[in-house]
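Asks: Hey, dropping start_26.cif in here, mmCIF, C-alpha atoms:
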data_model
loop_
_atom_site.label_atom_id
_atom_site.label_comp_id
_atom_site.auth_asym_id
_atom_site.auth_seq_id
_atom_site.Cartn_x
_atom_site.Cartn_y
_atom_site.Cartn_z
CA MET A 717 -109.99 -182.46 20.86
CA LYS A 718 -106.59 -181.21 19.79
CA ARG A 719 -106.29 -177.91 17.93
CA PRO A 720 -105.41 -178.02 14.24
CA TRP A 721 -101.77 -177.86 13.14
CA LYS A 722 -100.46 -174.46 12.02
CA ASP A 723 -97.92 -174.27 9.25
CA VAL A 724 -94.96 -172.04 10.17
CA SER A 725 -92.96 -172.71 6.99
CA VAL A 726 -92.42 -170.06 4.33
CA PRO A 727 -93.43 -170.86 0.74
CA LEU A 728 -90.57 -171.82 -1.57
CA ARG A 729 -90.77 -169.62 -4.67
CA ASP A 730 -88.75 -169.12 -7.81
CA GLY A 731 -86.36 -166.19 -7.20
CA MET A 732 -87.13 -165.92 -3.47
CA VAL A 733 -84.81 -164.12 -1.05
CA HIS A 734 -81.78 -166.09 0.09
CA TRP A 735 -78.56 -165.55 2.03
CA PRO A 736 -76.38 -163.14 -0.01
CA GLY A 737 -73.95 -165.11 -2.17
CA ASP A 738 -75.86 -168.42 -1.99
CA PRO A 739 -77.14 -169.85 -5.28
CA GLU A 740 -80.47 -168.56 -6.62
CA CYS A 741 -83.64 -170.51 -5.83
CA ARG A 742 -85.19 -171.74 -9.08
CA ILE A 743 -88.51 -173.58 -9.03
CA GLN A 744 -89.67 -174.07 -12.58
CA ARG A 745 -91.94 -176.36 -14.56
CA VAL A 746 -89.91 -178.25 -17.14
CA ASN A 747 -92.97 -180.15 -18.50
CA ARG A 748 -96.16 -178.13 -18.96
CA MET A 749 -99.62 -179.52 -19.77
CA GLU A 750 -100.56 -176.24 -21.48
CA ASP A 751 -97.73 -176.92 -23.93
CA GLY A 752 -99.04 -180.43 -24.66
CA ALA A 753 -97.14 -182.47 -22.06
CA VAL A 754 -99.01 -185.40 -20.49
CA CYS A 755 -98.23 -184.05 -17.03
CA ASN A 756 -96.74 -181.06 -15.23
CA LEU A 757 -93.27 -181.55 -13.79
CA THR A 758 -91.51 -179.10 -11.50
CA HIS A 759 -87.74 -178.87 -11.23
CA ILE A 760 -85.88 -177.48 -8.21
CA THR A 761 -82.46 -175.80 -8.10
CA MET A 762 -81.51 -174.27 -4.76
CA SER A 763 -79.18 -174.20 -1.81
CA ALA A 764 -80.01 -176.69 0.95
CA HIS A 765 -80.34 -173.57 3.17
CA THR A 766 -83.27 -172.01 1.32
CA GLY A 767 -86.46 -170.80 3.02
CA THR A 768 -87.48 -172.79 6.11
CA HIS A 769 -84.63 -175.25 6.58
CA MET A 770 -82.40 -176.96 9.11
CA ASP A 771 -78.67 -176.76 9.71
CA ALA A 772 -76.73 -179.91 10.55
CA PRO A 773 -73.53 -179.57 12.59
CA ARG A 774 -71.59 -180.34 9.36
CA HIS A 775 -72.53 -176.85 8.09
CA PHE A 776 -69.75 -175.25 10.20
CA ILE A 777 -68.03 -178.28 11.82
CA ALA A 778 -65.74 -180.24 9.48
CA ASP A 779 -66.53 -183.63 11.07
CA GLY A 780 -69.98 -182.73 12.41
CA LYS A 781 -73.11 -184.85 11.96
CA THR A 782 -74.96 -184.66 8.66
CA MET A 783 -78.70 -184.31 8.04
CA GLU A 784 -79.61 -188.01 7.86
CA GLN A 785 -77.97 -188.54 11.28
CA MET A 786 -80.47 -186.23 13.00
CA PRO A 787 -82.46 -187.99 15.75
CA LEU A 788 -86.20 -187.57 15.17
CA GLU A 789 -86.49 -186.63 18.86
CA ALA A 790 -84.80 -183.32 18.03
CA VAL A 791 -87.69 -182.31 15.77
CA ILE A 792 -90.84 -184.07 17.01
CA GLY A 793 -92.12 -183.15 20.45
CA ARG A 794 -92.95 -180.26 22.75
CA CYS A 795 -91.32 -176.91 22.13
CA CYS A 796 -91.52 -173.49 23.71
CA VAL A 797 -91.98 -170.32 21.65
CA PHE A 798 -90.47 -167.20 23.23
CA GLU A 799 -91.31 -163.76 21.87
CA LEU A 800 -88.54 -161.17 22.08
CA ASP A 801 -88.77 -157.45 21.38
CA SER A 802 -85.06 -157.12 20.54
CA GLU A 803 -84.24 -154.46 17.96
CA ASP A 804 -80.67 -155.67 17.42
CA GLN A 805 -79.11 -159.01 18.30
CA ILE A 806 -80.52 -161.33 20.96
CA THR A 807 -78.09 -161.26 23.91
CA ALA A 808 -77.40 -163.63 26.78
CA ASP A 809 -79.00 -161.07 29.10
CA ASP A 810 -82.17 -161.13 26.98
CA LEU A 811 -82.31 -164.92 27.26
CA LYS A 812 -81.64 -165.02 31.01
CA LYS A 813 -84.92 -163.15 31.57
CA LEU A 814 -86.85 -165.93 29.79
CA ARG A 815 -86.01 -168.64 32.35
CA ILE A 816 -85.56 -171.27 29.62
CA ALA A 817 -85.58 -174.81 31.01
CA THR A 818 -82.61 -177.05 30.17
CA GLY A 819 -82.70 -179.64 27.37
CA GLN A 820 -85.68 -178.12 25.53
CA ARG A 821 -86.66 -177.37 21.97
CA VAL A 822 -86.98 -173.56 21.77
CA LEU A 823 -88.19 -171.21 19.04
CA PHE A 824 -87.59 -167.46 19.09
CA LYS A 825 -90.17 -165.10 17.63
CA THR A 826 -88.93 -161.63 16.77
CA ARG A 827 -89.90 -158.75 14.51
CA ASN A 828 -88.40 -160.84 11.66
CA SER A 829 -91.66 -162.80 11.33
CA THR A 830 -93.60 -159.72 10.27
CA ARG A 831 -90.91 -157.35 9.00
CA SER A 832 -88.20 -159.40 7.27
CA TRP A 833 -90.43 -161.86 5.40
CA ALA A 834 -92.54 -158.94 4.07
CA MET A 835 -89.47 -157.44 2.36
CA SER A 836 -88.76 -158.23 -1.29
CA GLU A 837 -84.99 -157.99 -0.68
CA PHE A 838 -82.83 -159.84 1.85
CA ASP A 839 -83.15 -158.04 5.24
CA LYS A 840 -79.59 -157.40 6.41
CA ASP A 841 -80.92 -156.01 9.71
CA PHE A 842 -82.78 -159.15 10.77
CA ILE A 843 -82.69 -160.09 14.48
CA SER A 844 -80.10 -162.78 15.16
CA ILE A 845 -78.43 -164.55 18.09
CA ARG A 846 -75.26 -162.89 19.44
CA ALA A 847 -72.33 -165.19 20.26
CA ASP A 848 -72.81 -164.78 24.05
CA ALA A 849 -76.46 -165.81 23.70
CA ALA A 850 -75.41 -168.81 21.59
CA GLN A 851 -73.06 -169.86 24.40
CA TYR A 852 -75.85 -169.39 26.96
CA LEU A 853 -78.08 -171.77 24.92
CA VAL A 854 -75.24 -174.31 24.80
CA ASP A 855 -74.80 -174.03 28.58
CA LEU A 856 -78.55 -174.73 28.95
CA LYS A 857 -78.04 -177.85 26.82
CA VAL A 858 -81.01 -176.99 24.59
CA MET A 859 -81.70 -179.73 22.04
CA THR A 860 -83.11 -177.66 19.16
CA VAL A 861 -83.28 -173.93 18.40
CA GLY A 862 -85.55 -172.31 15.82
CA VAL A 863 -85.36 -168.74 14.52
CA ASP A 864 -87.63 -166.68 12.28
CA TYR A 865 -85.26 -165.64 9.51
CA LEU A 866 -82.53 -167.20 7.40
CA SER A 867 -79.74 -167.54 9.99
CA ILE A 868 -79.09 -167.91 13.71
CA GLY A 869 -76.09 -165.58 13.28
CA GLY A 870 -76.45 -162.01 11.97
CA TYR A 871 -75.39 -160.57 8.64
CA GLY A 872 -71.88 -159.30 9.37
CA LYS A 873 -72.56 -159.91 13.09
CA ASP A 874 -71.37 -163.15 14.70
CA VAL A 875 -72.57 -165.28 11.81
CA VAL A 876 -69.56 -167.59 12.01
CA GLU A 877 -69.20 -167.51 15.82
CA THR A 878 -72.87 -168.24 16.56
CA HIS A 879 -72.97 -171.15 14.12
CA GLN A 880 -69.67 -172.57 15.41
CA ILE A 881 -70.82 -172.36 19.03
CA MET A 882 -74.27 -173.88 18.56
CA LEU A 883 -73.48 -176.45 15.85
CA GLY A 884 -70.23 -177.31 17.64
CA ALA A 885 -72.32 -178.30 20.67
CA GLY A 886 -74.56 -180.51 18.54
CA ILE A 887 -77.66 -178.28 18.73
CA TRP A 888 -80.05 -178.91 15.80
CA VAL A 889 -81.01 -175.61 14.22
CA ILE A 890 -84.19 -174.60 12.37
CA GLU A 891 -83.92 -171.39 10.37
CA GLY A 892 -86.42 -169.47 8.27
CA LEU A 893 -89.59 -169.99 10.33
CA ASN A 894 -92.47 -167.55 10.10
CA LEU A 895 -93.99 -167.26 13.59
CA ALA A 896 -96.25 -164.26 12.86
CA GLU A 897 -99.41 -166.21 13.75
CA ILE A 898 -97.93 -167.95 16.82
CA ALA A 899 -98.21 -166.62 20.40
CA SER A 900 -95.62 -167.33 23.11
CA GLY A 901 -96.11 -170.62 24.90
CA TYR A 902 -95.80 -174.38 24.62
CA TYR A 903 -96.66 -176.28 21.43
CA ASP A 904 -96.35 -179.70 19.85
CA MET A 905 -93.76 -179.27 17.09
CA ILE A 906 -92.99 -181.32 14.00
CA SER A 907 -90.06 -180.20 11.83
CA LEU A 908 -89.22 -182.67 9.09
CA PRO A 909 -86.29 -181.93 6.78
CA ILE A 910 -85.88 -183.87 3.55
CA LYS A 911 -83.33 -186.66 3.94
CA LEU A 912 -80.30 -185.24 2.10
CA GLU A 913 -77.59 -187.80 2.76
CA GLY A 914 -74.25 -186.36 3.86
CA ALA A 915 -75.58 -182.82 3.75
CA ASP A 916 -74.94 -179.79 5.95
CA GLY A 917 -78.58 -178.71 5.85
CA ALA A 918 -81.94 -179.40 4.23
CA PRO A 919 -85.23 -177.64 3.49
CA CYS A 920 -87.89 -178.65 5.99
CA ARG A 921 -91.60 -178.27 6.72
CA VAL A 922 -92.55 -177.19 10.22
CA VAL A 923 -95.96 -177.31 11.90
CA LEU A 924 -97.05 -176.37 15.43
CA ARG A 925 -100.15 -177.18 17.51
CA MET B 909 -95.18 -194.53 26.48
CA LYS B 910 -95.46 -194.24 22.73
CA ARG B 911 -93.10 -196.18 20.50
CA PRO B 912 -90.36 -194.25 18.70
CA TRP B 913 -90.98 -192.85 15.22
CA LYS B 914 -89.64 -194.89 12.30
CA ASP B 915 -88.33 -193.13 9.23
CA VAL B 916 -89.78 -194.59 6.01
CA SER B 917 -88.14 -192.06 3.67
CA VAL B 918 -85.35 -193.02 1.28
CA PRO B 919 -82.08 -191.06 1.44
CA LEU B 920 -81.63 -188.42 -1.27
CA ARG B 921 -78.28 -189.01 -2.96
CA ASP B 922 -76.35 -187.50 -5.84
CA GLY B 923 -77.09 -189.57 -8.95
CA MET B 924 -79.85 -191.66 -7.32
CA VAL B 925 -82.42 -193.57 -9.37
CA HIS B 926 -85.29 -191.52 -10.75
CA TRP B 927 -88.20 -191.90 -13.17
CA PRO B 928 -86.74 -192.44 -16.66
CA GLY B 929 -86.52 -189.12 -18.51
CA ASP B 930 -86.79 -186.93 -15.40
CA PRO B 931 -83.83 -184.65 -14.65
CA GLU B 932 -80.87 -186.12 -12.77
CA CYS B 933 -80.69 -185.71 -8.98
CA ARG B 934 -77.60 -183.69 -8.09
CA ILE B 935 -76.70 -183.08 -4.44
CA GLN B 936 -73.31 -181.43 -4.29
CA ARG B 937 -71.29 -179.27 -1.93
CA VAL B 938 -70.54 -175.95 -3.61
CA ASN B 939 -68.57 -174.62 -0.60
CA ARG B 940 -66.19 -177.06 1.13
CA MET B 941 -64.38 -176.50 4.43
CA GLU B 942 -61.58 -178.83 3.29
CA ASP B 943 -60.95 -176.37 0.47
CA GLY B 944 -60.75 -173.44 2.90
CA ALA B 945 -64.37 -172.28 2.92
CA VAL B 946 -65.71 -170.99 6.26
CA CYS B 947 -68.62 -173.44 6.02
CA ASN B 948 -69.95 -176.36 3.99
CA LEU B 949 -72.85 -175.56 1.67
CA THR B 950 -74.87 -178.16 -0.22
CA HIS B 951 -76.68 -177.39 -3.45
CA ILE B 952 -79.67 -179.36 -4.76
CA THR B 953 -80.79 -179.86 -8.36
CA MET B 954 -83.62 -182.34 -8.84
CA SER B 955 -87.14 -183.02 -10.00
CA ALA B 956 -89.82 -182.33 -7.40
CA HIS B 957 -90.68 -186.05 -7.85
CA THR B 958 -87.36 -187.43 -6.56
CA GLY B 959 -87.07 -190.11 -3.85
CA THR B 960 -89.82 -190.04 -1.22
CA HIS B 961 -92.18 -187.34 -2.45
CA MET B 962 -95.79 -186.33 -2.85
CA ASP B 963 -97.90 -185.69 -5.95
CA ALA B 964 -100.35 -182.81 -5.96
CA PRO B 965 -103.40 -183.08 -8.25
CA ARG B 966 -101.74 -180.47 -10.51
CA HIS B 967 -99.24 -183.16 -11.61
CA PHE B 968 -101.80 -184.64 -14.04
CA ILE B 969 -104.79 -182.26 -13.71
CA ALA B 970 -104.39 -178.92 -15.50
CA ASP B 971 -106.35 -176.93 -12.89
CA GLY B 972 -105.71 -179.27 -9.93
CA LYS B 973 -104.57 -178.17 -6.49
CA THR B 974 -100.89 -177.43 -5.98
CA MET B 975 -98.62 -178.53 -3.13
CA GLU B 976 -99.12 -175.55 -0.81
CA GLN B 977 -102.91 -176.11 -0.96
CA MET B 978 -102.61 -179.55 0.65
CA PRO B 979 -104.58 -179.81 3.93
CA LEU B 980 -102.32 -180.99 6.76
CA GLU B 981 -105.08 -183.46 7.69
CA ALA B 982 -104.15 -185.46 4.57
CA VAL B 983 -100.67 -186.17 5.93
CA ILE B 984 -100.85 -186.10 9.74
CA GLY B 985 -102.96 -188.75 11.44
CA ARG B 986 -103.74 -192.46 11.57
CA CYS B 987 -102.95 -194.58 8.54
CA CYS B 988 -103.23 -198.25 7.69
CA VAL B 989 -100.36 -200.18 6.10
CA PHE B 990 -101.48 -203.13 3.91
CA GLU B 991 -98.96 -205.70 2.73
CA LEU B 992 -99.63 -207.20 -0.71
CA ASP B 993 -97.87 -210.14 -2.33
CA SER B 994 -98.70 -208.99 -5.88
CA GLU B 995 -96.11 -209.92 -8.49
CA ASP B 996 -97.56 -207.65 -11.16
CA GLN B 997 -99.93 -204.69 -10.78
CA ILE B 998 -102.25 -204.29 -7.78
CA THR B 999 -105.81 -204.92 -9.02
CA ALA B 1000 -109.23 -203.94 -7.72
CA ASP B 1001 -109.77 -207.60 -6.80
CA ASP B 1002 -106.58 -207.54 -4.69
CA LEU B 1003 -107.84 -204.47 -2.83
CA LYS B 1004 -111.36 -205.79 -2.26
CA LYS B 1005 -109.86 -208.59 -0.13
CA LEU B 1006 -108.28 -206.01 2.21
CA ARG B 1007 -111.60 -204.56 3.43
CA ILE B 1008 -110.24 -201.00 3.38
CA ALA B 1009 -112.43 -198.58 5.35
CA THR B 1010 -113.65 -195.45 3.54
CA GLY B 1011 -111.99 -192.07 3.95
CA GLN B 1012 -108.67 -193.43 5.25
CA ARG B 1013 -105.00 -192.80 4.72
CA VAL B 1014 -103.60 -196.05 3.28
CA LEU B 1015 -100.07 -197.21 2.50
CA PHE B 1016 -99.30 -200.26 0.35
CA LYS B 1017 -96.25 -202.37 1.11
CA THR B 1018 -95.06 -204.63 -1.73
CA ARG B 1019 -91.89 -206.38 -2.81
CA ASN B 1020 -90.73 -202.93 -4.02
CA SER B 1021 -89.57 -202.05 -0.48
CA THR B 1022 -86.93 -204.77 -0.47
CA ARG B 1023 -86.37 -205.48 -4.18
CA SER B 1024 -86.67 -202.20 -6.10
CA TRP B 1025 -84.79 -199.92 -3.68
CA ALA B 1026 -81.91 -202.43 -3.55
CA MET B 1027 -81.38 -202.09 -7.32
CA SER B 1028 -78.81 -199.63 -8.65
CA GLU B 1029 -80.91 -198.99 -11.78
CA PHE B 1030 -84.55 -197.92 -12.07
CA ASP B 1031 -86.77 -201.00 -11.59
CA LYS B 1032 -89.16 -201.04 -14.57
CA ASP B 1033 -90.99 -204.04 -13.07
CA PHE B 1034 -91.96 -202.37 -9.80
CA ILE B 1035 -95.42 -203.15 -8.37
CA SER B 1036 -97.91 -200.40 -9.23
CA ILE B 1037 -101.64 -199.69 -9.00
CA ARG B 1038 -103.71 -200.78 -12.02
CA ALA B 1039 -106.37 -198.34 -13.27
CA ASP B 1040 -109.26 -200.46 -11.92
CA ALA B 1041 -107.63 -200.47 -8.47
CA ALA B 1042 -107.16 -196.71 -8.68
CA GLN B 1043 -110.89 -196.34 -9.40
CA TYR B 1044 -111.70 -198.66 -6.47
CA LEU B 1045 -109.68 -196.39 -4.14
CA VAL B 1046 -111.54 -193.36 -5.49
CA ASP B 1047 -114.88 -195.10 -4.88
CA LEU B 1048 -113.75 -195.74 -1.26
CA LYS B 1049 -113.04 -191.99 -0.97
CA VAL B 1050 -109.59 -192.62 0.53
CA MET B 1051 -107.90 -189.38 1.54
CA THR B 1052 -104.24 -190.28 1.00
CA VAL B 1053 -102.46 -193.20 -0.69
CA GLY B 1054 -98.80 -194.11 -0.23
CA VAL B 1055 -96.75 -196.54 -2.33
CA ASP B 1056 -93.27 -197.98 -1.94
CA TYR B 1057 -91.65 -196.99 -5.24
CA LEU B 1058 -91.50 -193.96 -7.49
CA SER B 1059 -95.02 -193.99 -8.96
CA ILE B 1060 -98.58 -195.11 -8.26
CA GLY B 1061 -98.87 -196.05 -11.96
CA GLY B 1062 -96.59 -198.60 -13.59
CA TYR B 1063 -93.81 -198.10 -16.10
CA GLY B 1064 -95.61 -198.48 -19.44
CA LYS B 1065 -98.65 -199.80 -17.50
CA ASP B 1066 -101.48 -197.38 -16.65
CA VAL B 1067 -99.09 -194.66 -15.51
CA VAL B 1068 -101.24 -191.90 -17.01
CA GLU B 1069 -104.61 -193.52 -16.23
CA THR B 1070 -103.84 -194.28 -12.58
CA HIS B 1071 -102.55 -190.76 -11.94
CA GLN B 1072 -105.49 -189.15 -13.74
CA ILE B 1073 -108.03 -191.24 -11.80
CA MET B 1074 -106.53 -190.73 -8.33
CA LEU B 1075 -105.31 -187.14 -8.69
CA GLY B 1076 -108.51 -186.24 -10.54
CA ALA B 1077 -110.45 -187.31 -7.45
CA GLY B 1078 -108.28 -185.14 -5.20
CA ILE B 1079 -106.45 -188.01 -3.49
CA TRP B 1080 -103.09 -186.89 -2.04
CA VAL B 1081 -100.37 -189.30 -3.13
CA ILE B 1082 -97.12 -190.27 -1.40
CA GLU B 1083 -94.60 -192.07 -3.62
CA GLY B 1084 -91.17 -193.51 -2.93
CA LEU B 1085 -91.69 -194.88 0.59
CA ASN B 1086 -89.52 -197.68 1.92
CA LEU B 1087 -91.74 -199.89 4.10
CA ALA B 1088 -89.27 -202.77 4.50
CA GLU B 1089 -89.21 -202.39 8.31
CA ILE B 1090 -92.96 -201.84 8.72
CA ALA B 1091 -95.50 -204.58 9.42
CA SER B 1092 -99.14 -204.42 8.31
CA GLY B 1093 -101.40 -202.52 10.70
CA TYR B 1094 -102.37 -199.11 12.00
CA TYR B 1095 -99.82 -196.34 12.60
CA ASP B 1096 -99.59 -192.64 13.36
CA MET B 1097 -98.25 -191.07 10.16
CA ILE B 1098 -96.56 -187.77 9.49
CA SER B 1099 -95.68 -186.94 5.88
CA LEU B 1100 -94.42 -183.40 5.43
CA PRO B 1101 -93.52 -182.19 1.94
CA ILE B 1102 -91.50 -179.01 1.49
CA LYS B 1103 -93.76 -176.07 0.63
CA LEU B 1104 -93.12 -175.62 -3.11
CA GLU B 1105 -95.61 -172.94 -4.12
CA GLY B 1106 -97.60 -173.69 -7.25
CA ALA B 1107 -95.91 -177.06 -7.70
CA ASP B 1108 -97.20 -180.42 -8.91
CA GLY B 1109 -95.20 -182.32 -6.30
CA ALA B 1110 -92.54 -181.99 -3.62
CA PRO B 1111 -89.96 -184.12 -1.81
CA CYS B 1112 -91.21 -185.10 1.64
CA ARG B 1113 -90.08 -186.82 4.84
CA VAL B 1114 -92.35 -189.53 6.21
CA VAL B 1115 -92.33 -191.12 9.67
CA LEU B 1116 -94.58 -193.78 11.21
CA ARG B 1117 -95.22 -194.87 14.82
#
Can you present the structure in this file as structure tokens?
Replies:
Amino acid sequence: MKRPWKDVSVPLRDGMVHWPGDPECRIQRVNRMEDGAVCNLTHITMSAHTGTHMDAPRHFIADGKTMEQMPLEAVIGRCCVFELDSEDQITADDLKKLRIATGQRVLFKTRNSTRSWAMSEFDKDFISIRADAAQYLVDLKVMTVGVDYLSIGGYGKDVVETHQIMLGAGIWVIEGLNLAEIASGYYDMISLPIKLEGADGAPCRVVLR
Amino acid sequence: MKRPWKDVSVPLRDGMVHWPGDPECRIQRVNRMEDGAVCNLTHITMSAHTGTHMDAPRHFIADGKTMEQMPLEAVIGRCCVFELDSEDQITADDLKKLRIATGQRVLFKTRNSTRSWAMSEFDKDFISIRADAAQYLVDLKVMTVGVDYLSIGGYGKDVVETHQIMLGAGIWVIEGLNLAEIASGYYDMISLPIKLEGADGAPCRVVLR
């Protein structure tokens, strides 16, 4: 008997936190039964990089693959969750201690899962992946990397470099996970982004078991 | 060795067909590397009922469950795909011939998968579920129902009744599948909608194996 799936996606809410400068997230009912409409109808206006979402290489690579070109193998299969106690950026030295196997799907759990998502404002001090750690993941030929806040690169810290290194190597990136309820170890993972054709990213739903 | 997953979701495109009267689907890049931006950034504006999506009971039931309340069991597990050669609405008599087991996840493949999705305009003559067939599915206590165009109810034909009957019984509904490449039979299904809190529906990605 398999264990039940756990949802590690954050709820998408009207006015929720987003990367500074990105468009606001608006989730609003345009038809309302309480106003006499025959049905309720919700309308969405948001960046493709809102909440739990994926980055396609096209996000930072001019001719990189777009969302609908993602192989399902990148997002359905075994993954390994590593918990890190970093208080600044994740470094290559931090990752070397984890003995990550090559070619894997890996998710990093940090203090972001409990601290950053509990904040009402964007957390500029979230834990991110330093450029040398990004290069280490590329050298390990990891297939997919997931992080527990809105970006693999830090705010004002390697945000461009880390994205260029990882997306340039064709790694599929999941951002905005909440891993608070997940212990380190191996899991079955499903991460399904909506099929935005030609897009640099897409909101996704992610479950682990 | 399991077979590979097949994607049965339709691509989300700027200006794509949608239910008449719903807001337009706009998928546009607001930051463009070819214009000197450091990265590409896609922005989404659409109804929660665009393309391949799910309906929560709240869509037609004032106090019905909303998307984030959906049990993952409704969308991850075995399903049965039934192919129907209906040329008008699917009736209770049509369904009785299929010998559908109780409590299942069921997907209906019709001419919509090849005909309706190939049209550049909304297909008002798509195959839908007549109210008596909706009641038959409720009596069978099916858990989840998937259809291969934008609504379980027809355009000007039982659209309100079919939604009220099925959503009123707590059936989780997947609309907008493309089953052209799928034969009748049993499959593993994963249908993951984005986690729109409080919403009456949400775009989803659906794969079968």
Asks: Using all atoms listed in the file, what does the table of chain B residues within 7 Å of chain A look like, with each row giving the shortest atom pair and its distance in Å to one decimal, sorted by chain and ascending number, as CSV?
Replies:
residue,atom,partner,partner_atom,distance
B:Pro919,CA,A:Lys911,CA,5.2
B:Leu920,CA,A:Leu912,CA,4.8
B:Arg921,CA,A:Glu913,CA,5.9
B:Met941,CA,A:Ala778,CA,6.4
B:Cys947,CA,A:Phe776,CA,4.7
B:Asn948,CA,A:His775,CA,4.9
B:Leu949,CA,A:Asp916,CA,6.4
B:Thr950,CA,A:Ala764,CA,5.5
B:His951,CA,A:Ser763,CA,4.4
B:Ile952,CA,A:Met762,CA,5.4
B:Thr953,CA,A:Thr761,CA,4.4
B:Met954,CA,A:Ile760,CA,5.4
B:Ser955,CA,A:His759,CA,4.4
B:Ala956,CA,A:Thr758,CA,5.5
B:Arg966,CA,A:Asn756,CA,6.9
B:His967,CA,A:Asn756,CA,4.9
B:Phe968,CA,A:Cys755,CA,4.7
B:Ala970,CA,A:Met749,CA,6.4
B:Leu1100,CA,A:Arg921,CA,6.0
B:Pro1101,CA,A:Arg921,CA,6.5
B:Ile1102,CA,A:Arg921,CA,5.3
B:Lys1103,CA,A:Pro727,CA,5.2
B:Leu1104,CA,A:Leu728,CA,4.8
B:Glu1105,CA,A:Pro727,CA,5.7
B:Ala1107,CA,A:Thr758,CA,6.2
B:Asp1108,CA,A:Leu757,CA,6.4
B:Pro1111,CA,A:Ile910,CA,6.7
B:Cys1112,CA,A:Ile910,CA,5.8
B:Arg1113,CA,A:Ile910,CA,5.3
Asks: Suppose a student applies the PyMOL selection byres ((chain A and resi 869) around 8) to this structure; what residues should they get, written as number ranges by chain?
Replies: A: 844-847, 867-868, 870-871, 873-879
Asks: Please provide as a list in words all residues within 9 Å of Thr1010 in chain B, with the sequence filter that same-chain residues fewer than 5 positions apart are discarded (counting all atoms listed in the file).
Replies: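 Within the cut-off, the hits are Leu1045, Asp1047, Leu1048, Lys1049, Val1050 and Met1051 of chain B.
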Asks: Go ahead and save the picked residues with C-alpha atoms, as a CSV table (one decimal), in the frame of the given file.
Replies:
chain,number,residue,atom,x,y,z
B,1045,LEU,CA,-109.7,-196.4,-4.1
B,1047,ASP,CA,-114.9,-195.1,-4.9
B,1048,LEU,CA,-113.8,-195.7,-1.3
B,1049,LYS,CA,-113.0,-192.0,-1.0
B,1050,VAL,CA,-109.6,-192.6,0.5
B,1051,MET,CA,-107.9,-189.4,1.5
Asks: Identify which of the residues B:Ile1035, B:Met975, B:Cys988, B:Ala1077 lies closest to Ala1009 in chain B, counting all atoms listed in the file when measuring atom-to-atom distances.
Replies: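 Selected residue with least distance to Ala1009 in chain B: B:Cys988.
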Asks: Just so the selection is clear, what residues does the PyMOL selection byres ((chain B and resi 1031) around 10) cover here, as a list of chain:residue names?
Replies: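 For this structure, the PyMOL selection byres ((chain B and resi 1031) around 10) resolves to B:Val925, B:His926, B:Trp927, B:Pro928, B:Asn1020, B:Arg1023, B:Ser1024, B:Trp1025, B:Ala1026, B:Met1027, B:Ser1028, B:Glu1029, B:Phe1030, B:Lys1032, B:Asp1033, B:Phe1034, B:Ile1035, B:Tyr1057, B:Leu1058, B:Tyr1063.
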Asks: Between CA of Leu1087 in chain B and CA of Lys1017 in chain B, measure the distance and give it in Å to one decimal.
Replies: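 Calculated distance between CA of Leu1087 in chain B and CA of Lys1017 in chain B is 6.0 Å.
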Asks: Counting only C-alpha atoms, find the residues whose atoms lie at most 10 Å from (-80.3, -167.0, 30.4) (file coordinates) and write them out as a PyMOL selection string.
Replies: chain A and resi 807-817+849+851-853+855-856
Asks: For the provided coordinates, the residues matched by the PyMOL selection byres ((chain A and resi 864) around 6) should be stated as a list in words.
Replies: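 Output of the PyMOL selection byres ((chain A and resi 864) around 6): Asn828, Ser829, Val863, Tyr865, Gly892, Leu893 and Asn894 of chain A.
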Asks: For range 902-910 of chain A, which lacks atoms in the input, supply N, CA and C atoms and format the output as a PDB file, keeping the file's coordinate frame.
Replies:
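The result, stored in selection-v6.pdb:
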ATOM      1  N   TYR A 902     -96.211-173.012  24.968  1.00  0.00           N
ATOM      2  CA  TYR A 902     -95.800-174.380  24.620  1.00  0.00           C
ATOM      3  C   TYR A 902     -96.642-174.936  23.474  1.00  0.00           C
ATOM      4  N   TYR A 903     -96.002-175.673  22.598  1.00  0.00           N
ATOM      5  CA  TYR A 903     -96.660-176.280  21.430  1.00  0.00           C
ATOM      6  C   TYR A 903     -96.102-177.684  21.188  1.00  0.00           C
ATOM      7  N   ASP A 904     -96.894-178.518  20.498  1.00  0.00           N
ATOM      8  CA  ASP A 904     -96.350-179.700  19.850  1.00  0.00           C
ATOM      9  C   ASP A 904     -95.681-179.206  18.565  1.00  0.00           C
ATOM     10  N   MET A 905     -94.474-179.677  18.304  1.00  0.00           N
ATOM     11  CA  MET A 905     -93.760-179.270  17.090  1.00  0.00           C
ATOM     12  C   MET A 905     -93.419-180.483  16.246  1.00  0.00           C
ATOM     13  N   ILE A 906     -93.565-180.356  14.943  1.00  0.00           N
ATOM     14  CA  ILE A 906     -92.990-181.320  14.000  1.00  0.00           C
ATOM     15  C   ILE A 906     -92.196-180.516  12.984  1.00  0.00           C
ATOM     16  N   SER A 907     -90.912-180.822  12.849  1.00  0.00           N
ATOM     17  CA  SER A 907     -90.060-180.200  11.830  1.00  0.00           C
ATOM     18  C   SER A 907     -89.380-181.322  11.075  1.00  0.00           C
ATOM     19  N   LEU A 908     -89.812-181.563   9.850  1.00  0.00           N
ATOM     20  CA  LEU A 908     -89.220-182.670   9.090  1.00  0.00           C
ATOM     21  C   LEU A 908     -88.454-182.162   7.878  1.00  0.00           C
ATOM     22  N   PRO A 909     -87.125-182.286   7.928  1.00  0.00           N
ATOM     23  CA  PRO A 909     -86.290-181.930   6.780  1.00  0.00           C
ATOM     24  C   PRO A 909     -86.232-183.094   5.785  1.00  0.00           C
ATOM     25  N   ILE A 910     -86.083-182.787   4.512  1.00  0.00           N
ATOM     26  CA  ILE A 910     -85.880-183.870   3.550  1.00  0.00           C
ATOM     27  C   ILE A 910     -84.535-184.539   3.861  1.00  0.00           C
TER      28      ILE A 910
END
